[in-house]
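Structure first, then comments.
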Number of protein chains: 2
Amino acid sequence: MANAKVNKKITSFADATRVTPVPGTDDQFEATIHWDWCGGLHAHGGLTLSLVFSTVRTFFLRKYPSTPQPDPINSDIHFIQPAPRGRVILTVTELSHARRYSTVEVKLRDPAGTICTTATVIQGNLATEVGPSIAVPPVMTRDEIPDRERDCDESIRTPLLIKLMPVIMKMRVLKRKGAKTQSWSRKGAAGLNTKETWVRWEDLNQKLDVISLGVLCDNFLPAPLNFDPTMADLSKYVFPTMCMSIEIKKDPKDAEWLFQEIVCHKIQNGRYDTDVRVLDENGDLVALSKHVSIMAEMKRTKAKFRFL
Amino acid sequence: MANAKVNKKITSFADATRVTPVPGTDDQFEATIHWDWCGGLHAHGGLTLSLVFSTVRTFFLRKYPSTPQPDPINSDIHFIQPAPRGRVILTVTELSHARRYSTVEVKLRDPAGTICTTATVIQGNLATEVGPSIAVPPVMTRDEIPDRERDCDESIRTPLLIKLMPVIMKMRVLKRKGAKTQSWSRKGAAGLNTKETWVRWEDLNQKLDVISLGVLCDNFLPAPLNFDPTMADLSKYVFPTMCMSIEIKKDPKDAEWLFQEIVCHKIQNGRYDTDVRVLDENGDLVALSKHVSIMAEMKRTKAKFRFL
């Protein structure tokens, strides 16, 4: 019981993504998965990706201190097995190292040595990236982006949701006024496959930096639930993400708020995709993210990933 | 000179993606990169991905013949070093194997053993995929998709392009009537970051199957060139793709034609993205693909990838 109490301590994002080099190695890092950064009993996918970002940054800063490549320009992550609470080890393997971009693989293993997560990351430096630019039409115009005060209200999470996904308490989400449980976009009720939200950390000491984009790009309800005003499906189905990717276009530079347009193109035969476009206060594109996820009946599986 | 002549033999797509198990192994496969499936002197990215699809299919059919998982549901591929013409070896490592979806890593190595390409593939079976479906609005309505005869004309490749990219001779591309060199979308000249094309194999013996989707999703000119009516940038810049992903939503079932909507969200500081949505004759979504690519001055590099 004492342990249970200790486990309920809240951990900051900075602490949740802190990694420690394993003594005697230059490619292994230790981290801890805390209960409040979990979905169910296992590490939240977005938190895991932020942890990968932090690991790769630490690896590069230690190995190449004079030519910094701190930023995960693009990352692909595959969730192979749920990563448990507690201690995990992340191992970095260099595939290429060059002046502008380098590529590494990262494996996250549980204490038994089982690979829970594998990621491939193209690392670079957003602050020194140079080359031609061409103006293209924006994802959304400034007029299309909802005003936080005029057009939005807070998205309230049900107790069931918070129990299933403690990590969702970490971010405040504003959705368009209109539907009670659903997230609308400028397309309204006709386009429930598109959601628009403003997001910030609940912890006001934490700003939205590059490392935060892992959690941010995995901070929304499964696309099928937006078609279900009663949310009854939440206790009938599981919605695990098999893999996700993020391309970071711009350093969000410790923004307080970022905007997300979240689009699902198809929900078919128990599989669905999620495209996330992250914009800043100026409507400038910060990141593109893509998820591939599953919708499966809960009765078909005991463990979240067993049925895959 | 005799060799040069022999090298100019044309290879079918079926032959270009044929893999042979390396004797004495169950995870290694040999393949040959042919000159006509190259961009420059090196394997075309899309062909390489089709080769990965073919390798993983062969691996699964040999290892699990009674529970077939022939289809690359989702694939992420990273181009680390250019894969040379000639013999290459592909090695498959199983990360998970389950009833519905399995995950493998594939490394493509040149004869010296250098990793040229790394891919992570979620393998499954499109024909037996089951689970809930929810109708979502289509990517494009039937009315928005151009009619091949009424609205389109053939995209003509310049001799320079064919010299640089022999592989582009493999597919016939229809673009919207209008601009001479540029590919337009329904947005016309105002939306040069969006292109709409109909595509088929030139080889009428070859149909658009699942394995073809690798080449198909990498069969277009770099996004920045669509802003350049003179195509002069083609001799000033290189446009290598660092990585791409494809999620396959539906078996194209040996279609003759498929439609592509190709969108670029940002061209900034020498980096750009490409989103590809592949639709069939009925407007149904077949695949989603995403590329992360570079635009760099040619003088900065001798080899295509050196500057990365």
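The way I read the labels, and the way they are meant: chains A, B, ... in the order of the structure tokens, residue 1 as the first residue of every chain, and ligand 1 as the first ligand shown, with later ones counted on from there.
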
Please provide as an MDAnalysis selection string all residues within 9 Å of A:His265, with the sequence filter that same-chain residues fewer than 6 positions apart are discarded (counting only C-alpha atoms). (chainID A and resid 193:194 272:275) or (chainID B and resid 136:139 285 288)

Contacts of B:Pro224 at 8 Å or less, counting only C-alpha atoms, minus same-chain residues fewer than 2 places along, as a list of chain:residue names?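 Neighbouring residues, sequence-local ones excluded: A:Ile134, B:Pro222, B:Asn226, B:Phe227, B:Asp228, B:Ile267, B:Met295.
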
Any chance you can output those residues with N, CA and C atoms as a compact mmCIF listing (two decimals), in the first residue's frame?
```txt
# COMPACT_ATOMS: atom_id res chain seq x y z
N ILE A 134 10.16 28.02 -50.80
CA ILE A 134 9.14 28.47 -51.75
C ILE A 134 7.84 28.56 -50.97
N PRO B 222 9.88 16.23 -58.13
CA PRO B 222 9.98 16.91 -56.83
C PRO B 222 9.05 18.14 -56.78
N ASN B 226 7.51 22.01 -59.53
CA ASN B 226 6.20 22.41 -60.04
C ASN B 226 6.01 23.93 -60.03
N PHE B 227 6.92 24.61 -59.33
CA PHE B 227 6.87 26.08 -59.28
C PHE B 227 7.80 26.70 -60.32
N ASP B 228 8.38 25.86 -61.17
CA ASP B 228 9.48 26.26 -62.06
C ASP B 228 9.12 25.86 -63.49
N ILE B 267 7.86 24.03 -48.22
CA ILE B 267 9.19 23.95 -48.83
C ILE B 267 10.01 25.01 -48.13
N MET B 295 16.08 19.69 -50.95
CA MET B 295 16.41 20.42 -52.17
C MET B 295 17.74 21.12 -51.88
```

Using only C-alpha atoms and a distance of at most 8 Å, pull out the residues of chain A that contact chain B, as number ranges by chain. A: 74, 76, 80, 95-96, 98-103, 115, 129-139, 191-193, 224, 247, 249, 264-271, 285, 292, 295-296, 307-308

Restricting the calculation to only C-alpha atoms, which member of A:Ile145, A:Gly40, A:Asp71, A:Phe59 is positioned closest to A:Val106?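 Of A:Ile145, A:Gly40, A:Asp71, A:Phe59, the one nearest A:Val106, counting only C-alpha atoms, is A:Phe59.
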
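Residue nearest A:Leu164 within the list A:Leu234, A:Val215, A:Ala83, A:Ile246: A:Leu234 [criterion: smallest interatomic distance, only C-alpha atoms].
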
Can you tell me which residues surround A:Ile89 at a distance of at most 8 Å, considering only C-alpha atoms, apart from same-chain residues fewer than 4 positions away, and format the answer as a list of chain:residue names?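 After dropping sequence-adjacent residues, the list is A:Gln28, A:Phe29, A:Glu30, A:Ala31, A:Leu108, A:Arg109, A:Asp110, A:Pro111.
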
Considering only C-alpha atoms, return as a PyMOL selection string whatever protein or nucleic-acid residues lie within 10 Å of B:Phe259, sequence-local ones (same chain, fewer than 2 positions apart) excluded. chain B and resi 145-146+148+173-174+196-200+216+257+261-262+276-286

Which of stretch 46-104 of chain B fall in strand (DSSP E or B), as a VMD selection string: chain B and resid 71 to 79 84 86 to 96 102 to 104

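The coordinates place atom CA of B:Gly113 at 25.8 Å from atom CA of B:Asp218.
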
I'd like the contact shell of B:Arg176 - 6 Å cut-off, only C-alpha atoms, skipping same-chain residues fewer than 3 positions apart - returned as a list in words. Asp151, Cys152 and Trp184 of chain B

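Each of A:Gly86, A:Gly178, A:Gly188, A:Gly39 was compared to A:Leu161 using only C-alpha atoms, and A:Gly39 turns out to be the nearest.
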
Residue set, stretch 31-169 of chain A restricted to alpha helix (DSSP H), as a list in words: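 Matching residues, listed in order: Gly45, Gly46, Leu47, Thr48, Leu49, Ser50, Leu51, Val52, Phe53, Ser54, Thr55, Val56, Arg57, Thr58, Phe59, Phe60, Leu61, Arg62, Lys63, Arg148, Glu149, Arg150, Asp151, Pro159, Leu160, Leu161, Ile162, Lys163 and Leu164 of chain A.
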
Which is closer to B:Ser185 than all the others in B:Val19, B:Leu221, B:Leu49, B:Met140, using only C-alpha atoms?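 The shortest atom-to-atom distance to B:Ser185 comes from B:Met140.
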